[in-house]
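The structure file data.tsv is reproduced below (TSV, C-alpha atoms and all ligand atoms).
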```tsv
chain	number	residue	atom	x	y	z
A	1	MET	CA	-7.93	-36.63	-82.09
A	2	THR	CA	-4.66	-34.82	-82.43
A	3	ASN	CA	-4.02	-31.34	-81.01
A	4	THR	CA	-4.08	-28.63	-83.59
A	5	PRO	CA	-1.76	-25.67	-82.99
A	6	LYS	CA	-4.94	-23.70	-82.14
A	7	ASN	CA	-5.93	-26.18	-79.41
A	8	SER	CA	-2.43	-26.21	-77.83
A	9	GLY	CA	-2.57	-22.37	-77.70
A	10	PHE	CA	-5.81	-22.64	-75.67
A	11	ALA	CA	-4.20	-25.14	-73.35
A	12	ARG	CA	-1.24	-22.83	-72.71
A	13	VAL	CA	-3.54	-19.92	-71.91
A	14	GLY	CA	-5.49	-22.19	-69.56
A	15	ILE	CA	-2.35	-23.28	-67.71
A	16	VAL	CA	-1.11	-19.71	-67.35
A	17	ALA	CA	-4.51	-18.59	-66.07
A	18	ALA	CA	-4.68	-21.45	-63.56
A	19	ALA	CA	-1.15	-20.71	-62.33
A	20	TRP	CA	-1.98	-17.04	-62.00
A	21	LEU	CA	-5.14	-17.87	-60.06
A	22	LEU	CA	-3.17	-20.15	-57.77
A	23	ILE	CA	-0.58	-17.42	-57.12
A	24	VAL	CA	-3.33	-14.91	-56.33
A	25	VAL	CA	-5.10	-17.29	-53.96
A	26	VAL	CA	-1.90	-18.33	-52.15
A	27	THR	CA	-0.70	-14.73	-51.87
A	28	ASN	CA	-4.05	-13.68	-50.45
A	29	LEU	CA	-4.00	-16.51	-47.95
A	30	VAL	CA	-0.48	-15.65	-46.80
A	31	MET	CA	-1.38	-11.97	-46.53
A	32	ALA	CA	-4.55	-12.76	-44.61
A	33	GLU	CA	-2.56	-14.94	-42.24
A	34	GLN	CA	0.04	-12.22	-41.81
A	35	LYS	CA	-2.66	-9.61	-41.34
A	36	GLN	CA	-4.30	-11.74	-38.65
A	37	SER	CA	-1.08	-12.26	-36.68
A	38	THR	CA	-0.19	-8.56	-36.94
A	39	SER	CA	-3.60	-7.56	-35.71
A	40	LYS	CA	-3.43	-9.96	-32.76
A	41	GLU	CA	-0.21	-8.29	-31.73
A	42	ASP	CA	-1.76	-4.88	-32.28
A	43	ILE	CA	-4.80	-5.79	-30.22
A	44	SER	CA	-2.62	-6.96	-27.33
A	45	SER	CA	-0.37	-3.91	-27.53
A	46	ALA	CA	-3.27	-1.46	-27.72
A	47	ALA	CA	-4.94	-3.10	-24.73
A	48	PHE	CA	-1.74	-2.87	-22.71
A	49	LEU	CA	-1.42	0.84	-23.44
A	50	LYS	CA	-4.86	1.31	-21.82
A	51	VAL	CA	-3.77	-0.83	-18.87
A	52	TYR	CA	-0.54	1.16	-18.65
A	53	LYS	CA	-2.44	4.44	-18.37
A	54	VAL	CA	-4.27	3.05	-15.32
A	55	LEU	CA	-1.07	1.71	-13.75
A	56	GLN	CA	0.51	5.15	-14.14
A	57	HIS	CA	-2.43	6.81	-12.39
A	58	PRO	CA	-1.52	8.05	-8.88
A	59	ARG	CA	-4.00	5.63	-7.26
A	60	CYS	CA	-1.93	2.73	-8.57
A	61	MET	CA	1.54	4.22	-8.94
A	62	ASN	CA	1.69	5.83	-5.48
A	63	CYS	CA	2.08	2.40	-3.89
A	64	HIS	CA	4.44	1.12	-6.61
A	65	PRO	CA	7.14	3.79	-6.21
A	66	ALA	CA	10.69	3.70	-7.52
A	67	GLY	CA	12.18	4.13	-4.02
A	68	HIS	CA	11.23	2.72	-0.59
A	69	ILE	CA	9.05	5.72	0.34
A	70	PRO	CA	5.47	5.57	-0.96
A	71	LEU	CA	3.93	8.53	-2.78
A	72	GLN	CA	0.70	10.32	-2.01
A	73	GLY	CA	-1.89	12.59	-3.55
A	74	ASP	CA	-2.85	13.25	-7.13
A	75	ASN	CA	0.53	14.96	-7.56
A	76	SER	CA	2.38	11.84	-6.31
A	77	VAL	CA	4.67	13.59	-3.83
A	78	ALA	CA	6.73	11.62	-1.29
A	79	HIS	CA	4.51	10.42	1.57
A	80	ASN	CA	4.20	12.64	4.63
A	81	MET	CA	6.50	11.75	7.51
A	82	ARG	CA	8.75	9.94	4.99
A	83	VAL	CA	7.18	6.64	5.98
A	84	LYS	CA	8.98	3.51	4.80
A	85	GLY	CA	7.77	0.12	3.65
A	86	GLY	CA	10.20	-1.72	5.95
A	87	LYS	CA	11.18	-5.38	5.71
A	88	ASP	CA	7.85	-6.67	4.46
A	89	GLY	CA	6.34	-3.65	2.70
A	90	LYS	CA	3.91	-3.14	5.58
A	91	GLY	CA	5.85	-0.45	7.39
A	92	ILE	CA	8.11	-0.35	10.44
A	93	PRO	CA	6.97	-1.43	13.93
A	94	GLY	CA	5.53	1.74	15.44
A	95	MET	CA	4.94	3.21	11.97
A	96	LYS	CA	3.11	0.50	10.08
A	97	CYS	CA	0.90	1.41	7.13
A	98	MET	CA	-2.04	0.23	9.24
A	99	THR	CA	-1.08	2.61	12.05
A	100	CYS	CA	-2.99	5.23	10.05
A	101	HIS	CA	-4.56	3.38	7.11
A	102	GLN	CA	-7.55	1.47	8.41
A	103	THR	CA	-9.65	-1.01	6.43
A	104	GLN	CA	-11.82	1.79	5.02
A	105	ASN	CA	-11.46	5.41	4.00
A	106	VAL	CA	-11.78	8.02	6.74
A	107	THR	CA	-14.50	10.55	5.94
A	108	GLY	CA	-13.42	14.00	4.85
A	109	LYS	CA	-10.67	15.61	2.84
A	110	ARG	CA	-6.98	15.12	3.68
A	111	THR	CA	-7.74	12.11	5.82
A	112	PRO	CA	-6.00	8.76	5.41
A	113	PRO	CA	-7.53	6.48	2.79
A	114	GLY	CA	-8.06	2.87	3.79
A	115	ALA	CA	-8.58	-0.67	2.49
A	116	PRO	CA	-7.83	-4.08	3.99
A	117	ASN	CA	-4.13	-4.90	4.19
A	118	TRP	CA	-2.75	-1.52	3.12
A	119	HIS	CA	0.86	-2.12	2.08
A	120	LEU	CA	3.58	-1.70	-0.51
A	121	PRO	CA	4.97	-4.55	-2.62
A	122	HIS	CA	7.56	-6.68	-0.81
A	123	PRO	CA	10.96	-4.93	-0.98
A	124	ASP	CA	12.58	-8.09	-2.42
A	125	MET	CA	10.31	-7.74	-5.45
A	126	PRO	CA	9.14	-4.16	-5.58
A	127	LEU	CA	7.20	-4.18	-8.91
A	128	VAL	CA	7.94	-0.55	-9.70
A	129	PHE	CA	5.45	1.41	-11.81
A	130	GLN	CA	6.95	4.87	-11.30
A	131	GLY	CA	9.10	6.04	-14.24
A	132	LYS	CA	8.62	2.87	-16.32
A	133	THR	CA	7.88	2.91	-20.06
A	134	PRO	CA	5.04	0.71	-21.38
A	135	ALA	CA	7.58	-1.86	-22.60
A	136	GLU	CA	9.45	-1.93	-19.27
A	137	LEU	CA	6.25	-2.29	-17.29
A	138	ALA	CA	4.83	-5.01	-19.57
A	139	LYS	CA	8.08	-6.98	-19.25
A	140	GLN	CA	8.04	-6.61	-15.48
A	141	LEU	CA	4.41	-7.72	-15.24
A	142	LYS	CA	5.00	-10.81	-17.36
A	143	ASP	CA	8.07	-12.05	-15.56
A	144	PRO	CA	7.44	-14.07	-12.37
A	145	LYS	CA	10.90	-13.03	-11.22
A	146	THR	CA	9.76	-9.42	-11.08
A	147	ASN	CA	6.00	-9.66	-10.61
A	148	GLY	CA	5.80	-11.38	-7.23
A	149	ASN	CA	6.03	-14.96	-8.57
A	150	LYS	CA	2.72	-14.76	-10.36
A	151	THR	CA	1.40	-16.33	-13.53
A	152	LEU	CA	-0.50	-14.01	-15.88
A	153	GLU	CA	-3.68	-15.69	-14.70
A	154	GLN	CA	-2.82	-14.79	-11.12
A	155	ILE	CA	-2.05	-11.22	-12.17
A	156	LEU	CA	-5.49	-11.03	-13.77
A	157	HIS	CA	-7.06	-12.42	-10.60
A	158	HIS	CA	-5.13	-9.91	-8.48
A	159	VAL	CA	-6.31	-6.89	-10.48
A	160	SER	CA	-9.86	-8.26	-10.61
A	161	HIS	CA	-10.35	-9.01	-6.91
A	162	ASP	CA	-7.71	-7.56	-4.57
A	163	PRO	CA	-9.48	-5.03	-2.30
A	164	LEU	CA	-6.44	-2.77	-2.50
A	165	VAL	CA	-6.74	-2.62	-6.31
A	166	LEU	CA	-10.52	-2.14	-6.11
A	167	TRP	CA	-9.95	0.74	-3.66
A	168	GLY	CA	-8.39	2.71	-6.56
A	169	TRP	CA	-11.91	3.20	-7.92
A	170	LYS	CA	-13.35	4.21	-4.53
A	171	PRO	CA	-10.51	6.39	-3.28
A	172	GLY	CA	-12.55	8.73	-1.07
A	173	GLU	CA	-12.87	12.49	-1.02
A	174	GLY	CA	-10.16	14.60	-2.66
A	175	ARG	CA	-8.60	11.79	-4.69
A	176	THR	CA	-9.33	11.04	-8.36
A	177	ALA	CA	-9.94	7.56	-9.77
A	178	PRO	CA	-8.37	6.24	-13.00
A	179	SER	CA	-10.11	7.47	-16.14
A	180	ILE	CA	-11.52	4.09	-17.20
A	181	SER	CA	-13.75	1.93	-15.00
A	182	HIS	CA	-12.40	-1.06	-13.09
A	183	LYS	CA	-14.48	-3.35	-15.33
A	184	GLU	CA	-12.92	-1.83	-18.45
A	185	PHE	CA	-9.44	-2.05	-16.89
A	186	VAL	CA	-9.85	-5.77	-16.18
A	187	LYS	CA	-11.27	-6.28	-19.69
A	188	GLN	CA	-8.23	-4.62	-21.28
A	189	MET	CA	-5.86	-6.62	-19.06
A	190	LYS	CA	-7.59	-9.81	-20.22
A	191	ILE	CA	-7.37	-8.76	-23.89
A	192	TRP	CA	-3.67	-8.06	-23.41
A	193	ILE	CA	-3.09	-11.50	-21.88
A	194	ASP	CA	-5.40	-13.48	-24.20
A	195	ASN	CA	-3.67	-12.01	-27.24
A	196	GLY	CA	-0.21	-13.01	-26.16
A	197	ALA	CA	0.70	-10.44	-23.46
A	198	VAL	CA	2.69	-8.54	-26.05
A	199	VAL	CA	5.40	-6.14	-24.90
A	200	PRO	CA	4.53	-2.94	-26.79
A	201	LYS	CA	7.24	-1.45	-29.01
B	1	MET	CA	-23.39	-1.58	22.09
B	2	VAL	CA	-19.71	-2.21	21.47
B	3	GLN	CA	-17.45	-4.24	23.74
B	4	LEU	CA	-13.90	-3.01	24.11
B	5	LYS	CA	-10.99	-4.42	26.07
B	6	ILE	CA	-8.86	-1.54	27.28
B	7	ASN	CA	-5.88	-1.93	29.61
B	8	GLN	CA	-7.01	-5.49	30.49
B	9	LYS	CA	-10.50	-4.32	31.47
B	10	LYS	CA	-13.75	-4.90	29.58
B	11	TYR	CA	-16.03	-1.99	28.75
B	12	GLU	CA	-19.47	-1.96	27.15
B	13	ILE	CA	-19.88	1.22	25.21
B	14	GLU	CA	-23.13	2.72	24.00
B	15	ALA	CA	-22.04	4.33	20.76
B	16	ASP	CA	-22.23	4.18	17.01
B	17	LYS	CA	-19.73	1.69	15.61
B	18	SER	CA	-18.14	4.39	13.48
B	19	MET	CA	-17.15	6.42	16.56
B	20	PRO	CA	-13.37	6.97	16.57
B	21	LEU	CA	-11.62	5.05	19.33
B	22	LEU	CA	-10.17	8.31	20.68
B	23	TRP	CA	-13.68	9.62	21.39
B	24	ALA	CA	-14.64	6.38	23.10
B	25	LEU	CA	-11.49	6.44	25.24
B	26	ARG	CA	-11.82	10.03	26.34
B	27	ASP	CA	-15.57	10.69	26.43
B	28	LYS	CA	-17.05	7.26	27.12
B	29	VAL	CA	-14.42	5.56	29.28
B	30	GLY	CA	-12.83	8.64	30.82
B	31	LEU	CA	-9.25	7.74	29.93
B	32	ASN	CA	-8.04	11.16	28.87
B	33	GLY	CA	-4.29	10.59	28.90
B	34	THR	CA	-4.59	10.04	25.14
B	35	LYS	CA	-4.81	13.42	23.42
B	36	PHE	CA	-6.60	14.92	20.44
B	37	GLY	CA	-4.19	16.87	18.26
B	38	CYS	CA	-5.34	16.91	14.64
B	39	GLY	CA	-8.02	14.24	14.22
B	40	VAL	CA	-6.62	13.21	10.82
B	41	ALA	CA	-3.67	10.91	11.65
B	42	GLN	CA	-1.08	13.64	11.14
B	43	CYS	CA	0.34	14.38	14.58
B	44	GLY	CA	0.52	11.19	16.66
B	45	ALA	CA	-0.91	12.67	19.88
B	46	CYS	CA	-3.67	10.04	19.93
B	47	THR	CA	-1.39	6.99	19.53
B	48	VAL	CA	-2.43	3.87	21.45
B	49	HIS	CA	-1.62	0.18	21.01
B	50	VAL	CA	-4.00	-2.27	19.40
B	51	ASP	CA	-2.77	-5.86	19.71
B	52	GLY	CA	0.68	-4.45	20.42
B	53	GLU	CA	0.96	-2.23	17.35
B	54	ALA	CA	0.78	1.57	17.34
B	55	VAL	CA	-2.51	2.91	16.02
B	56	ARG	CA	-3.87	6.44	15.57
B	57	SER	CA	-7.03	6.29	17.64
B	58	CYS	CA	-8.48	9.45	16.05
B	59	VAL	CA	-9.04	7.64	12.72
B	60	THR	CA	-9.79	4.16	14.05
B	61	PRO	CA	-13.48	3.32	14.29
B	62	ILE	CA	-14.40	1.30	17.37
B	63	SER	CA	-15.85	-1.39	15.08
B	64	ALA	CA	-12.25	-2.12	13.96
B	65	VAL	CA	-10.97	-2.83	17.47
B	66	GLU	CA	-13.75	-4.96	18.96
B	67	GLY	CA	-12.22	-8.04	20.55
B	68	LYS	CA	-8.69	-6.65	20.36
B	69	GLU	CA	-6.30	-5.69	23.15
B	70	ILE	CA	-6.21	-1.92	23.45
B	71	THR	CA	-3.52	-0.29	25.58
B	72	THR	CA	-3.44	3.41	26.39
B	73	ILE	CA	-0.78	5.42	28.20
B	74	GLU	CA	-2.63	4.65	31.45
B	75	GLY	CA	-2.08	0.93	30.86
B	76	LEU	CA	1.55	1.00	29.77
B	77	SER	CA	2.57	0.14	33.34
B	78	PRO	CA	0.65	0.08	36.60
B	79	ASP	CA	3.11	2.34	38.41
B	80	LEU	CA	5.10	4.44	35.91
B	81	SER	CA	7.76	1.74	35.96
B	82	HIS	CA	8.04	1.25	32.19
B	83	PRO	CA	11.64	2.05	31.16
B	84	LEU	CA	10.36	4.79	28.87
B	85	GLN	CA	8.36	6.45	31.63
B	86	GLN	CA	11.40	6.28	33.90
B	87	ALA	CA	13.66	7.72	31.21
B	88	TRP	CA	11.12	10.45	30.40
B	89	ILE	CA	11.17	11.52	34.04
B	90	ALA	CA	14.97	11.28	34.30
B	91	GLU	CA	15.53	13.31	31.13
B	92	ASP	CA	12.74	15.74	32.02
B	93	VAL	CA	11.40	15.38	28.49
B	94	PRO	CA	8.00	17.13	28.48
B	95	GLN	CA	7.56	20.85	27.96
B	96	CYS	CA	3.79	21.41	27.77
B	97	GLY	CA	3.30	17.64	27.74
B	98	TYR	CA	0.46	17.54	25.25
B	99	CYS	CA	2.18	15.28	22.69
B	100	GLN	CA	4.02	13.11	25.20
B	101	SER	CA	1.65	10.22	25.75
B	102	GLY	CA	1.60	9.67	21.99
B	103	GLN	CA	5.40	9.94	21.85
B	104	ILE	CA	5.82	7.35	24.59
B	105	MET	CA	3.32	4.93	23.02
B	106	SER	CA	5.13	5.06	19.65
B	107	ALA	CA	8.52	4.69	21.32
B	108	ALA	CA	7.23	1.67	23.29
B	109	VAL	CA	6.51	-0.24	20.08
B	110	LEU	CA	9.93	0.67	18.72
B	111	LEU	CA	11.68	-0.62	21.86
B	112	LYS	CA	9.66	-3.84	21.89
B	113	HIS	CA	11.08	-4.71	18.48
B	114	ASN	CA	14.48	-3.08	18.75
B	115	ASP	CA	16.32	-2.58	22.04
B	116	GLN	CA	19.36	-1.12	20.31
B	117	PRO	CA	17.89	1.59	18.12
B	118	THR	CA	20.17	3.87	16.14
B	119	ASP	CA	19.29	7.53	15.66
B	120	GLU	CA	17.96	6.58	12.25
B	121	ASP	CA	15.75	3.82	13.69
B	122	ILE	CA	14.38	6.38	16.13
B	123	ASN	CA	13.77	8.90	13.33
B	124	ASP	CA	11.96	6.31	11.20
B	125	VAL	CA	9.42	5.61	13.92
B	126	MET	CA	9.18	8.90	15.78
B	127	THR	CA	8.84	10.98	12.61
B	128	GLY	CA	5.09	10.47	12.88
B	129	ASN	CA	4.85	12.16	16.28
B	130	ILE	CA	4.94	15.93	16.26
B	131	CYS	CA	5.98	18.03	19.26
B	132	ARG	CA	5.02	21.70	19.03
B	133	CYS	CA	7.42	22.45	21.88
B	134	GLY	CA	10.32	20.86	20.01
B	135	THR	CA	11.43	18.39	22.66
B	136	TYR	CA	12.84	16.06	20.01
B	137	ASN	CA	16.40	16.02	21.33
B	138	ARG	CA	15.25	15.04	24.81
B	139	ILE	CA	12.90	12.42	23.34
B	140	ARG	CA	15.83	10.88	21.46
B	141	ARG	CA	18.02	10.87	24.58
B	142	ALA	CA	15.25	9.31	26.64
B	143	ILE	CA	14.68	6.55	24.10
B	144	HIS	CA	18.40	5.67	24.09
B	145	GLN	CA	18.32	5.73	27.89
B	146	ALA	CA	15.25	3.47	28.04
B	147	ALA	CA	16.80	1.09	25.50
B	148	LYS	CA	19.80	0.73	27.82
B	149	THR	CA	17.47	-0.15	30.71
B	150	VAL	CA	15.62	-2.71	28.57
B	151	ARG	CA	18.90	-4.35	27.56
B	152	LYS	CA	20.03	-4.44	31.19
B	153	GLN	CA	16.74	-5.97	32.30
B	154	LYS	CA	17.11	-8.67	29.65
B	155	GLU	CA	20.68	-9.38	30.76
B	156	ASP	CA	19.63	-9.60	34.42
B	157	ASN	CA	16.81	-11.98	33.56
B	158	SER	CA	18.92	-14.30	31.41
C	301	LIG	S1	-5.01	13.37	16.82
C	301	LIG	FE1	-4.68	11.48	15.91
C	301	LIG	S2	-2.90	11.76	14.81
C	301	LIG	FE2	-3.36	13.76	15.48
C	302	LIG	S1	5.80	18.87	24.85
C	302	LIG	FE1	4.49	20.36	24.06
C	302	LIG	S2	3.86	19.52	22.21
C	302	LIG	FE2	5.37	18.18	22.84
```
Show me, as structure tokens, the structure contained in the file I just sent.
Amino acid sequence: MTNTPKNSGFARVGIVAAAWLLIVVVTNLVMAEQKQSTSKEDISSAAFLKVYKVLQHPRCMNCHPAGHIPLQGDNSVAHNMRVKGGKDGKGIPGMKCMTCHQTQNVTGKRTPPGAPNWHLPHPDMPLVFQGKTPAELAKQLKDPKTNGNKTLEQILHHVSHDPLVLWGWKPGEGRTAPSISHKEFVKQMKIWIDNGAVVPK
Amino acid sequence: MVQLKINQKKYEIEADKSMPLLWALRDKVGLNGTKFGCGVAQCGACTVHVDGEAVRSCVTPISAVEGKEITTIEGLSPDLSHPLQQAWIAEDVPQCGYCQSGQIMSAAVLLKHNDQPTDEDINDVMTGNICRCGTYNRIRRAIHQAAKTVRKQKEDNS
């Protein structure tokens, strides 16, 4: 059977329709893919902003100061007696952190808080929180050269288990805790890492 | 019952484990050279040594120092012969005297680690010890004086 002009017209319409369908499907697939990768980035970024809010809270920031003198109180003023972190972040002989900060909080207001191994980051790698933007802090946290030689997994372990970090949620009388729970904080940190540890824009 | 080792001697103390070391020293053991100033780690009057490091005994529960070497001003030397004690006498440092045992105990840790302290080194350590009588200048002079003695002793022994 030979094609009549009518039949070839049908065939042309069919080809155009198939091509159109193909374009629609491919475009949708590409868009879906793009949408997925954008949202992964968004998820990571959004999680970090929640983490950032905790890291900027005085309970965390006071021991990650910009200078060598720790901060204190909910208003993050320079520490009484202008104490210094010294060569190892643990104070100066005669004025160590543990001279006053014991392994637990002292009862009552305006008394020294305490947790095991009270100290500042090592001065060679100070991991500063004070005055950092979310992007600066995320970059610092990701880079082993600035985060205390840690992998992201080790960072997650540190914030999950270090008694000094946990103390932030049991700070004793007269000191506030971060606005989200420790469990939520760790969850957001994990979301940030699992979704690519994105540096927020 | 808590066992404490203070100035090389062992003591068994009937007290709650949360009792501050300062209370145990003064009220249970009768070593009252260590003073109560503020009770909240702000003044330094209660400074003693625990395993060689300065500690504020007013905020240190006795449970934290079981099995450790505790030294109070009474144990710094058997006969006031510590270079700091000698310098304190020579420079006539104390006014009322209340803060002085804490001052000497902090200075002793400084000198153990640094026998050539600058004024800034002295400030960094002694800033935690308050003197209501304002004897700071004499304290500084006495520390420099004691540092000289420590250096001389080291030279003589080498
Ligand atoms: S009494 Fe302990 S520091 Fe003031
Ligand atoms: S000598 Fe009086 S408080 Fe220091």
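Using only C-alpha atoms, the chain A residues found within 8 Å of chain B amount to Met81, Arg82, Val83, Lys84, Ile92, Pro93, Gly94, Met95, Lys96, Met98, Thr99, Cys100, Gln102, Val106, Arg110, Thr111 and Pro112 of chain A.
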Using only C-alpha atoms, which residue out of B:Val93, B:Ile122, B:Ile62, B:Leu31 lies closest to Ile139 in chain B?
->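 Closest to Ile139 in chain B, using only C-alpha atoms: B:Val93.
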Excluding Lys90 in chain A and any residue of its chain fewer than 5 positions from it, enumerate the residues within 8 Å of it, using only C-alpha atoms, and give them as a list in words.
->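 Once the adjacent positions are removed, what remains is Gly85, Lys96, Cys97, Met98, Trp118, His119 and Leu120 of chain A.
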Using all atoms listed in the file, what are the residues with an atom within 10 Å of ligand LIG 302 (chain C), set out as JSON, numbers by chain?
-> {"B": [37, 43, 45, 93, 94, 95, 96, 97, 98, 99, 100, 101, 102, 103, 129, 130, 131, 132, 133, 134, 135, 136, 139]}
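Take CA of Ser39 in chain A and CA of Asn195 in chain A: the distance between them is 9.6 Å.
Take CA of Val198 in chain A and CA of Gly168 in chain A: the distance between them is 25.1 Å.
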Which is closest to Arg138 in chain B among B:Cys46, B:Ala87, B:Leu21, B:Val150, if we use all atoms listed in the file?
-> B:Ala87
Residue contacts of range 129-133 of chain A (12 Å, only C-alpha atoms) excluding same-chain residues fewer than 4 positions away, as number ranges by chain = A: 48-49, 51-71, 76-77, 120-121, 137-141, 146-147, 199-201
Okay, now the selection with C-alpha atoms, as a PDB file, in the coordinates of the input?
```pdb
ATOM      1  CA  PHE A  48      -1.740  -2.870 -22.710  1.00  0.00           C
ATOM      2  CA  LEU A  49      -1.420   0.840 -23.440  1.00  0.00           C
ATOM      3  CA  VAL A  51      -3.770  -0.830 -18.870  1.00  0.00           C
ATOM      4  CA  TYR A  52      -0.540   1.160 -18.650  1.00  0.00           C
ATOM      5  CA  LYS A  53      -2.440   4.440 -18.370  1.00  0.00           C
ATOM      6  CA  VAL A  54      -4.270   3.050 -15.320  1.00  0.00           C
ATOM      7  CA  LEU A  55      -1.070   1.710 -13.750  1.00  0.00           C
ATOM      8  CA  GLN A  56       0.510   5.150 -14.140  1.00  0.00           C
ATOM      9  CA  HIS A  57      -2.430   6.810 -12.390  1.00  0.00           C
ATOM     10  CA  PRO A  58      -1.520   8.050  -8.880  1.00  0.00           C
ATOM     11  CA  ARG A  59      -4.000   5.630  -7.260  1.00  0.00           C
ATOM     12  CA  CYS A  60      -1.930   2.730  -8.570  1.00  0.00           C
ATOM     13  CA  MET A  61       1.540   4.220  -8.940  1.00  0.00           C
ATOM     14  CA  ASN A  62       1.690   5.830  -5.480  1.00  0.00           C
ATOM     15  CA  CYS A  63       2.080   2.400  -3.890  1.00  0.00           C
ATOM     16  CA  HIS A  64       4.440   1.120  -6.610  1.00  0.00           C
ATOM     17  CA  PRO A  65       7.140   3.790  -6.210  1.00  0.00           C
ATOM     18  CA  ALA A  66      10.690   3.700  -7.520  1.00  0.00           C
ATOM     19  CA  GLY A  67      12.180   4.130  -4.020  1.00  0.00           C
ATOM     20  CA  HIS A  68      11.230   2.720  -0.590  1.00  0.00           C
ATOM     21  CA  ILE A  69       9.050   5.720   0.340  1.00  0.00           C
ATOM     22  CA  PRO A  70       5.470   5.570  -0.960  1.00  0.00           C
ATOM     23  CA  LEU A  71       3.930   8.530  -2.780  1.00  0.00           C
ATOM     24  CA  SER A  76       2.380  11.840  -6.310  1.00  0.00           C
ATOM     25  CA  VAL A  77       4.670  13.590  -3.830  1.00  0.00           C
ATOM     26  CA  LEU A 120       3.580  -1.700  -0.510  1.00  0.00           C
ATOM     27  CA  PRO A 121       4.970  -4.550  -2.620  1.00  0.00           C
ATOM     28  CA  LEU A 137       6.250  -2.290 -17.290  1.00  0.00           C
ATOM     29  CA  ALA A 138       4.830  -5.010 -19.570  1.00  0.00           C
ATOM     30  CA  LYS A 139       8.080  -6.980 -19.250  1.00  0.00           C
ATOM     31  CA  GLN A 140       8.040  -6.610 -15.480  1.00  0.00           C
ATOM     32  CA  LEU A 141       4.410  -7.720 -15.240  1.00  0.00           C
ATOM     33  CA  THR A 146       9.760  -9.420 -11.080  1.00  0.00           C
ATOM     34  CA  ASN A 147       6.000  -9.660 -10.610  1.00  0.00           C
ATOM     35  CA  VAL A 199       5.400  -6.140 -24.900  1.00  0.00           C
ATOM     36  CA  PRO A 200       4.530  -2.940 -26.790  1.00  0.00           C
ATOM     37  CA  LYS A 201       7.240  -1.450 -29.010  1.00  0.00           C
TER      38      LYS A 201
END
```
Can you work out the spacing between CA of Lys183 in chain A and CA of Leu166 in chain A in Å, to one decimal?
->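 Atom-to-atom, CA of Lys183 in chain A to CA of Leu166 in chain A, that is 10.1 Å.
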What box, with edges along x, y and z, holds each listed atom of ligand LIG 301 (chain C) when 3 Å is added on every side, and can you state its centre and edge lengths in Å to one decimal, as lines of an AutoDock Vina configuration file?
```
center_x = -4.0
center_y = 12.6
center_z = 15.8
size_x = 8.1
size_y = 8.3
size_z = 8.0
```
Among listed residues A:Gly174, A:Leu152, A:His101, A:Ile43, nearest ligand LIG 301 (chain C) (using only C-alpha atoms and all ligand atoms) =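 Comparing A:Gly174, A:Leu152, A:His101, A:Ile43 against ligand LIG 301 (chain C), the winner is A:His101.
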So which residues touch Gly196 in chain A within 8 Å, counting all atoms listed in the file, skipping near sequence neighbours fewer than 6 positions away, as a ChimeraX atom specification?
-> /A:40-41,44
Measuring atom to atom with only C-alpha atoms and all ligand atoms, identify which of B:Lys5, B:Lys10, B:Phe36, B:Lys154 is nearest to ligand LIG 301 (chain C).
->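 Among the listed residues, the smallest separation from ligand LIG 301 (chain C) belongs to B:Phe36.
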Selected residue of minimal separation from ligand LIG 301 (chain C) among B:Val65, B:Ala90, B:Cys38, B:Ile73, counting all atoms listed in the file |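 Of the candidates, the smallest distance to ligand LIG 301 (chain C) is held by B:Cys38.
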Looking at all atoms listed in the file, which of B:Asp51, B:Asn7, B:Gln153, B:Pro20 is the one that sits closest to ligand LIG 301 (chain C)?
-> B:Pro20
Take range 47-55 of chain B, bring it up to N, CA and C atoms, and give me the output as a JSON list (two decimals), in the frame of the given file.
```json
[["chain", "number", "residue", "atom", "x", "y", "z"],
["B", 47, "THR", "N", -1.89, 8.36, 19.75],
["B", 47, "THR", "CA", -1.39, 6.99, 19.53],
["B", 47, "THR", "C", -1.67, 6.07, 20.73],
["B", 48, "VAL", "N", -2.24, 4.92, 20.44],
["B", 48, "VAL", "CA", -2.43, 3.87, 21.45],
["B", 48, "VAL", "C", -1.94, 2.56, 20.83],
["B", 49, "HIS", "N", -1.98, 1.49, 21.58],
["B", 49, "HIS", "CA", -1.62, 0.18, 21.01],
["B", 49, "HIS", "C", -2.88, -0.66, 20.80],
["B", 50, "VAL", "N", -2.94, -1.29, 19.66],
["B", 50, "VAL", "CA", -4.00, -2.27, 19.40],
["B", 50, "VAL", "C", -3.30, -3.57, 19.04],
["B", 51, "ASP", "N", -3.51, -4.59, 19.87],
["B", 51, "ASP", "CA", -2.77, -5.86, 19.71],
["B", 51, "ASP", "C", -1.27, -5.61, 19.57],
["B", 52, "GLY", "N", -0.76, -4.68, 20.35],
["B", 52, "GLY", "CA", 0.68, -4.45, 20.42],
["B", 52, "GLY", "C", 1.24, -3.52, 19.36],
["B", 53, "GLU", "N", 0.44, -3.10, 18.42],
["B", 53, "GLU", "CA", 0.96, -2.23, 17.35],
["B", 53, "GLU", "C", 0.40, -0.82, 17.54],
["B", 54, "ALA", "N", 1.22, 0.18, 17.19],
["B", 54, "ALA", "CA", 0.78, 1.57, 17.34],
["B", 54, "ALA", "C", -0.34, 1.89, 16.36],
["B", 55, "VAL", "N", -1.36, 2.56, 16.85],
["B", 55, "VAL", "CA", -2.51, 2.91, 16.02],
["B", 55, "VAL", "C", -2.96, 4.33, 16.37]]
```
